[in-house]
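Scroll down for the structure; my scribbles are underneath it.
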Amino acid sequence: MSKHILVLPGDGIGPEVARIAVDCLKAAASAEGVSLTFDEAPFGGAGLDACGKPLPEETLDKARSADAVFLGAVGGPKWDDAPERPEKGLLALRSELGLFANLRPVKVFAGLEGLSPLKADRVAGADLLIVRELTGGLYFGEKREGRETASDLCTYSADEVARIARVAFRAASGRRGKLTSVDKANVLATSRLWRSTVNQLAPEYQDVTLDHMYVDATAMKLVTHPSAFDVILTENLFGDILSDEAAVIAGSLGLLGSASLGEGGPGLFEPIHGSAPDIAGQDKANPSGAIASAAMLLRFGLGEARAADRIEAALQAQLKSGRTTADIGGSLGCRAFGAEVCERLAS
Ligand code: NAD
Ligand code: IPM
Ligand code: MN
């Protein structure tokens with residue numbers, strides 16, 4: 001039976017990298033005998049332009065009935081004064097689909113240490129997974145926006161913490177067995193609940209070694225000793241910030257992909273970068289993060305591990321060839337880079 005993918009190209013470089021990801025999905029599926037169908041829908045700024053809403057109802061309906069959803073990126077200065085921001089559509093989509101678990105892997109492959117602006121001996125061997133809580137915390141708390149004061153409420157329930165912590169414990173158990181839970185328990189009440197909830201679960205996962213680290217110290221250690229981490233578990237805002245930082249371990253924000261998963265239902269797969277208005281429309285974007293997200297879509301969204309492996313191998317080989325985009329020192333455009341990865345997928 002064929003699997004159905006909804007593509008939300010979005011804004012800025014979103015459509016540029018999404019096009020490449022779809023080409024890769026088609027090439028890998030055809031090489032592995034997997035049958036895929038695709039549809040597209042307006043979302044983010046494109047949703048505002050088309051229907052006056054960042055998440056049009058028809059787009060949400062299509063997302064609910066898809067087997068997996070692929071997103072390019074949303075946002076941009078064009079919508080700064082719009083009645084709703086494009087990003088609000090993304091938060092609504094994550095929340096409506098119940099996508100509380102955001103997985104953001106960071107890996108430095110042997111021979112690719114030079115892509116990082118950090119010293120090669122520091123990043124060598126880095127292989128970590130950020131498990132970011134995605135539907136709670138400051139992002140979804142009550143907001144008050146006045147002219148003199150404003151506030152964003154940060155709330156977490158023990159159940160919300162436990163369900164994302166279980167995802168992280170299981171991930172660590174299938175990897176090197178090390179889990180670092182990141183919080184700010186020296187200051188924040190939500191972090192103290194976070195820490196005690198994670199501690200309570202630890203005895204259920206005897207093969208996992210748990211430690212806790214404050215987010216500020218984690219930010220430092222991520223770039224000084226990245227290979228010390230296996231799985232990082234953290235709340236929504238900390239995970240957002242730490243994952244952009246972690247991208248420099250691999251080399252560029254354009255390299256990282258992500259999977260957002262719930263309990264059943266379609267997952268959402270997207271590069272971690274944004275719409276990059278500064279390079280949009282110039283064929284400069286690195287589509288690697290989108291390609292890596294396409295592989296995650298196949299692996300976690302559709303259970304097609306062989307097609308996912310094929311994409312990951314082709315991407316790695318392309319990066320190793322040195323024929324890359326400008327953000328990691330090459331001179332290829334987004335399209336040419338994508339076309340070369342697709343050629344590798346077909347062969
Ligand atoms: P950004 O991630 O768009 O860009 C940050 C910097 O990284 C820019 O210099 C950009 O050129 C560079 N960059 C990003 N992706 C790249 C790629 N694939 N190849 C090469 N260089 C790349 O972050 P920003 O500029 O802070 O935000 C721009 C807009 O994107 C905002 O509206 C923001 O809200 C939105 N955003 C959306 C998502 C998403 O849709 N998931 C994620 C992050 C930011
Ligand atoms: C991300 C983005 C989003 C987030 C924004 C665009 C809402 O930065 O996916 O990392 O903060 O989650
Ligand atoms: Mn982000």
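By convention in this document, the chains of the structure tokens carry letters A, B, ... by their order, each chain's residues are numbered from 1, and ligands are numbered from 1 in the order they are shown.
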
Q: Apply DSSP to the backbone of this structure and, from range 113-230 of chain A, keep only the residues in helix (DSSP H, G or I); write these as number ranges by chain.
A: A: 113-115, 120-123, 137-139, 158-173, 189-204, 215-224, 226-228

Q: Please identify the residues whose atoms come within 12 Å of ligand 3, using only C-alpha atoms and all ligand atoms, and report them as a ChimeraX atom specification.
A: /A:73-75,87,90-91,102,104,132,134,139,236-247,253-254,256-258,270-276

Shell of 10 Å around Ala259 in chain A, only C-alpha atoms, local chain residues under 3 positions omitted, as a PDB file with N, CA and C atoms, in the first residue's frame:
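Dumped everything to result.pdb:
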```pdb
ATOM      1  N   VAL A  69       4.144  14.202   7.709  1.00  0.00           N
ATOM      2  CA  VAL A  69       4.139  15.579   7.211  1.00  0.00           C
ATOM      3  C   VAL A  69       5.575  16.067   7.125  1.00  0.00           C
ATOM      4  N   PHE A  70       5.915  16.700   6.005  1.00  0.00           N
ATOM      5  CA  PHE A  70       7.252  17.275   5.852  1.00  0.00           C
ATOM      6  C   PHE A  70       7.116  18.796   5.794  1.00  0.00           C
ATOM      7  N   LEU A  99       2.397  16.468  19.019  1.00  0.00           N
ATOM      8  CA  LEU A  99       3.806  16.107  18.768  1.00  0.00           C
ATOM      9  C   LEU A  99       4.684  16.612  19.905  1.00  0.00           C
ATOM     10  N   ALA A 101       7.283  15.098  21.319  1.00  0.00           N
ATOM     11  CA  ALA A 101       8.682  14.626  21.349  1.00  0.00           C
ATOM     12  C   ALA A 101       9.439  15.053  20.100  1.00  0.00           C
ATOM     13  N   ASN A 102      10.402  15.937  20.291  1.00  0.00           N
ATOM     14  CA  ASN A 102      11.193  16.434  19.168  1.00  0.00           C
ATOM     15  C   ASN A 102      12.604  15.856  19.274  1.00  0.00           C
ATOM     16  N   LEU A 103      12.989  15.086  18.259  1.00  0.00           N
ATOM     17  CA  LEU A 103      14.297  14.427  18.253  1.00  0.00           C
ATOM     18  C   LEU A 103      15.225  15.168  17.300  1.00  0.00           C
ATOM     19  N   ARG A 104      16.364  15.612  17.811  1.00  0.00           N
ATOM     20  CA  ARG A 104      17.309  16.366  16.990  1.00  0.00           C
ATOM     21  C   ARG A 104      18.704  15.745  17.113  1.00  0.00           C
ATOM     22  N   PRO A 105      19.048  14.827  16.221  1.00  0.00           N
ATOM     23  CA  PRO A 105      20.352  14.171  16.299  1.00  0.00           C
ATOM     24  C   PRO A 105      21.486  15.035  15.739  1.00  0.00           C
ATOM     25  N   VAL A 131      16.629  15.416  22.902  1.00  0.00           N
ATOM     26  CA  VAL A 131      15.204  15.095  23.000  1.00  0.00           C
ATOM     27  C   VAL A 131      14.543  16.306  23.647  1.00  0.00           C
ATOM     28  N   GLY A 267       3.759  11.952  12.127  1.00  0.00           N
ATOM     29  CA  GLY A 267       4.838  12.769  12.667  1.00  0.00           C
ATOM     30  C   GLY A 267       5.126  13.933  11.722  1.00  0.00           C
ATOM     31  N   LEU A 268       5.843  14.915  12.260  1.00  0.00           N
ATOM     32  CA  LEU A 268       6.236  16.083  11.465  1.00  0.00           C
ATOM     33  C   LEU A 268       7.758  16.087  11.371  1.00  0.00           C
ATOM     34  N   PHE A 269       8.264  16.245  10.149  1.00  0.00           N
ATOM     35  CA  PHE A 269       9.706  16.140   9.925  1.00  0.00           C
ATOM     36  C   PHE A 269      10.181  17.429   9.285  1.00  0.00           C
ATOM     37  N   GLU A 270      11.171  18.067   9.901  1.00  0.00           N
ATOM     38  CA  GLU A 270      11.611  19.372   9.410  1.00  0.00           C
ATOM     39  C   GLU A 270      13.063  19.629   9.796  1.00  0.00           C
ATOM     40  N   PRO A 271      13.791  20.370   8.926  1.00  0.00           N
ATOM     41  CA  PRO A 271      15.125  20.799   9.348  1.00  0.00           C
ATOM     42  C   PRO A 271      14.988  21.717  10.555  1.00  0.00           C
ATOM     43  N   ILE A 272      16.053  21.840  11.367  1.00  0.00           N
ATOM     44  CA  ILE A 272      15.896  22.673  12.576  1.00  0.00           C
ATOM     45  C   ILE A 272      16.036  24.161  12.265  1.00  0.00           C
ATOM     46  N   ALA A 292      18.227  15.141   5.678  1.00  0.00           N
ATOM     47  CA  ALA A 292      18.300  14.312   6.894  1.00  0.00           C
ATOM     48  C   ALA A 292      16.901  14.128   7.498  1.00  0.00           C
ATOM     49  N   SER A 293      16.070  15.162   7.411  1.00  0.00           N
ATOM     50  CA  SER A 293      14.694  15.047   7.924  1.00  0.00           C
ATOM     51  C   SER A 293      13.878  14.085   7.074  1.00  0.00           C
ATOM     52  N   ALA A 294      14.159  14.060   5.766  1.00  0.00           N
ATOM     53  CA  ALA A 294      13.462  13.112   4.886  1.00  0.00           C
ATOM     54  C   ALA A 294      13.811  11.684   5.301  1.00  0.00           C
ATOM     55  N   ALA A 295      15.077  11.465   5.660  1.00  0.00           N
ATOM     56  CA  ALA A 295      15.479  10.126   6.116  1.00  0.00           C
ATOM     57  C   ALA A 295      14.753   9.786   7.422  1.00  0.00           C
ATOM     58  N   MET A 296      14.621  10.769   8.308  1.00  0.00           N
ATOM     59  CA  MET A 296      13.915  10.511   9.580  1.00  0.00           C
ATOM     60  C   MET A 296      12.436  10.230   9.325  1.00  0.00           C
ATOM     61  N   LEU A 297      11.879  10.902   8.314  1.00  0.00           N
ATOM     62  CA  LEU A 297      10.479  10.648   7.954  1.00  0.00           C
ATOM     63  C   LEU A 297      10.308   9.181   7.555  1.00  0.00           C
ATOM     64  N   ARG A 299      12.304   6.649   8.353  1.00  0.00           N
ATOM     65  CA  ARG A 299      12.628   5.747   9.464  1.00  0.00           C
ATOM     66  C   ARG A 299      11.548   5.759  10.549  1.00  0.00           C
ATOM     67  N   PHE A 300      11.241   6.964  11.067  1.00  0.00           N
ATOM     68  CA  PHE A 300      10.332   7.058  12.222  1.00  0.00           C
ATOM     69  C   PHE A 300       8.872   7.246  11.817  1.00  0.00           C
ATOM     70  N   GLY A 301       8.658   7.856  10.644  1.00  0.00           N
ATOM     71  CA  GLY A 301       7.282   8.160  10.227  1.00  0.00           C
ATOM     72  C   GLY A 301       6.645   7.003   9.484  1.00  0.00           C
TER      73      GLY A 301
END
```

Q: Quote the spacing between CA of Phe109 in chain A and CA of Ala124 in chain A in Å to one decimal place.
A: 7.9 Å

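With distances taken over only C-alpha atoms and all ligand atoms, A:Asn286 is the one residue among A:Ser347, A:Thr325, A:Asn286, A:Gln318 lying closest to ligand 1.
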
**Q.** Residue contacts of Leu193 in chain A (12 Å, only C-alpha atoms) excluding same-chain residues fewer than 3 positions away, as a PyMOL selection string
**A.** chain A and resi 155-162+183-190+196-200+235

Atoms kept (C-alpha atoms) for selection, written as a PDB file, in the first residue's frame:
```pdb
ATOM      1  CA  THR A 155       4.021  25.442  33.201  1.00  0.00           C
ATOM      2  CA  TYR A 156       4.862  21.744  33.179  1.00  0.00           C
ATOM      3  CA  SER A 157       2.876  18.906  34.702  1.00  0.00           C
ATOM      4  CA  ALA A 158       4.569  15.768  36.011  1.00  0.00           C
ATOM      5  CA  ASP A 159       2.767  13.758  33.297  1.00  0.00           C
ATOM      6  CA  GLU A 160       4.141  15.996  30.547  1.00  0.00           C
ATOM      7  CA  VAL A 161       7.647  15.601  31.937  1.00  0.00           C
ATOM      8  CA  ALA A 162       7.309  11.852  32.393  1.00  0.00           C
ATOM      9  CA  ASP A 183      17.264  22.125  33.481  1.00  0.00           C
ATOM     10  CA  LYS A 184      17.651  25.256  35.596  1.00  0.00           C
ATOM     11  CA  ALA A 185      16.604  23.650  38.888  1.00  0.00           C
ATOM     12  CA  ASN A 186      18.680  26.150  40.882  1.00  0.00           C
ATOM     13  CA  VAL A 187      16.170  28.849  39.884  1.00  0.00           C
ATOM     14  CA  LEU A 188      12.999  27.501  38.273  1.00  0.00           C
ATOM     15  CA  ALA A 189      10.126  25.631  39.948  1.00  0.00           C
ATOM     16  CA  THR A 190       9.269  23.869  36.670  1.00  0.00           C
ATOM     17  CA  SER A 196      12.319  15.001  40.498  1.00  0.00           C
ATOM     18  CA  THR A 197      10.030  13.448  37.862  1.00  0.00           C
ATOM     19  CA  VAL A 198      12.996  12.261  35.806  1.00  0.00           C
ATOM     20  CA  ASN A 199      14.671  10.882  38.948  1.00  0.00           C
ATOM     21  CA  GLN A 200      11.543   8.893  39.829  1.00  0.00           C
ATOM     22  CA  GLU A 235      12.286  21.332  27.970  1.00  0.00           C
TER      23      GLU A 235
END
```

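DSSP on the backbone gives strand (DSSP E) for these parts of range 203-278 of chain A: A:Thr209, A:Leu210, A:Asp211, A:His212, A:Met213, A:Tyr214, A:Val231, A:Ile232, A:Leu233, A:Thr234, A:Gly257, A:Ser258, A:Ala259, A:Ser260, A:Leu261, A:Gly267, A:Leu268, A:Phe269, A:Glu270, A:Pro271.
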
Q) Which is closer to Lys119 in chain A than all the others in A:Ala250, A:Val7, A:Leu345, A:Ala150, using only C-alpha atoms? A) A:Ala250

Q: Just the residues within 9 Å of Pro117 in chain A, please, counting only C-alpha atoms, with nothing from its chain fewer than 6 positions along; format it as a list in words.
A: Val248, Ile249, Ala250, Gly251, Ser252 and Ile328 of chain A

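Using only C-alpha atoms for every distance, the candidate list A:Leu60, A:Val341, A:Met1, A:Leu48 yields A:Val341 as the residue closest to Ser321 in chain A.
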
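Proximity to ligand 2 was assessed for A:Cys51, A:Asp61, A:Ala171, A:Ile130 counting only C-alpha atoms and all ligand atoms; the smallest distance is recorded for A:Ile130.
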
**Q.** Counting only C-alpha atoms, the option among A:Ala168, A:Ala285, A:Leu71, A:Ala110 closest to Ser331 in chain A
**A.** A:Ala285

Listing only residues of range 82-167 of chain A within 12 Å of range 206-221 of chain A, what is the closest atom pair and its distance in Å (to one decimal) for each, using only C-alpha atoms, sorted by chain and residue number ascending, as a tab-separated table?
```
residue	atom	partner	partner_atom	distance
A:Arg122	CA	A:Lys221	CA	10.7
A:Val123	CA	A:Lys221	CA	11.5
A:Ile130	CA	A:Thr218	CA	11.9
A:Ala165	CA	A:Leu210	CA	11.0
A:Arg166	CA	A:Val208	CA	11.4
```

For the selection just defined, write its residues with N, CA and C atoms to a file, as a PDB file, in the first residue's frame.
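selection-v4.pdb was written with the following content:
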```pdb
ATOM      1  N   ARG A 122      38.142  18.672  19.029  1.00  0.00           N
ATOM      2  CA  ARG A 122      37.045  18.840  19.983  1.00  0.00           C
ATOM      3  C   ARG A 122      35.787  18.124  19.512  1.00  0.00           C
ATOM      4  N   VAL A 123      35.489  18.235  18.202  1.00  0.00           N
ATOM      5  CA  VAL A 123      34.205  17.705  17.721  1.00  0.00           C
ATOM      6  C   VAL A 123      34.292  16.236  17.311  1.00  0.00           C
ATOM      7  N   ILE A 130      19.410  15.262  20.904  1.00  0.00           N
ATOM      8  CA  ILE A 130      18.648  16.149  21.793  1.00  0.00           C
ATOM      9  C   ILE A 130      17.180  15.732  21.728  1.00  0.00           C
ATOM     10  N   ALA A 165      10.339  12.232  29.157  1.00  0.00           N
ATOM     11  CA  ALA A 165      11.491  11.574  29.789  1.00  0.00           C
ATOM     12  C   ALA A 165      11.561  10.107  29.364  1.00  0.00           C
ATOM     13  N   ARG A 166      10.403   9.460  29.251  1.00  0.00           N
ATOM     14  CA  ARG A 166      10.402   8.049  28.823  1.00  0.00           C
ATOM     15  C   ARG A 166      10.967   7.908  27.408  1.00  0.00           C
TER      16      ARG A 166
END
```

Q.
Which residue is closest to ligand 1? Choose from A:Ala66, A:Leu233, A:Ile13, A:Ala172 and count only C-alpha atoms and all ligand atoms.
A. A:Ile13

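Look at Pro9 in chain A: the protein and nucleic acid residues within 10 Å of it, using only C-alpha atoms and passing over chain neighbours fewer than 2 places away, are Leu6, Val7, Asp11, Gly12, Ile13, Gly14, Pro15, Glu16, Val17, Ala18, Arg19, Glu40, Ala41, Pro42, Phe43, Gly44, Ala46, Phe70, Leu71, Gly72, Ala73 and Val74 of chain A.
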
Only C-alpha atoms, please: the residues just picked out, written as a short mmCIF file (atom, residue, chain, number, x, y, z; two decimals), in the first residue's frame.
```cif
data_model
loop_
_atom_site.label_atom_id
_atom_site.label_comp_id
_atom_site.auth_asym_id
_atom_site.auth_seq_id
_atom_site.Cartn_x
_atom_site.Cartn_y
_atom_site.Cartn_z
CA LEU A 6 1.86 16.05 3.06
CA VAL A 7 4.51 18.63 2.16
CA ASP A 11 8.46 30.40 3.49
CA GLY A 12 11.91 31.74 2.57
CA ILE A 13 14.30 28.86 1.91
CA GLY A 14 11.58 26.42 3.05
CA PRO A 15 10.33 25.69 -0.49
CA GLU A 16 13.94 25.49 -1.80
CA VAL A 17 15.02 22.79 0.65
CA ALA A 18 11.63 21.00 0.71
CA ARG A 19 11.84 20.48 -3.07
CA GLU A 40 1.20 20.11 -0.77
CA ALA A 41 -0.59 22.72 1.33
CA PRO A 42 -0.10 26.39 2.30
CA PHE A 43 1.36 26.95 5.78
CA GLY A 44 3.04 29.73 7.74
CA ALA A 46 2.22 31.15 2.70
CA PHE A 70 7.25 17.28 5.85
CA LEU A 71 7.90 20.96 6.57
CA GLY A 72 10.45 23.30 4.96
CA ALA A 73 10.44 26.34 7.27
CA VAL A 74 8.15 29.23 8.15
#
```
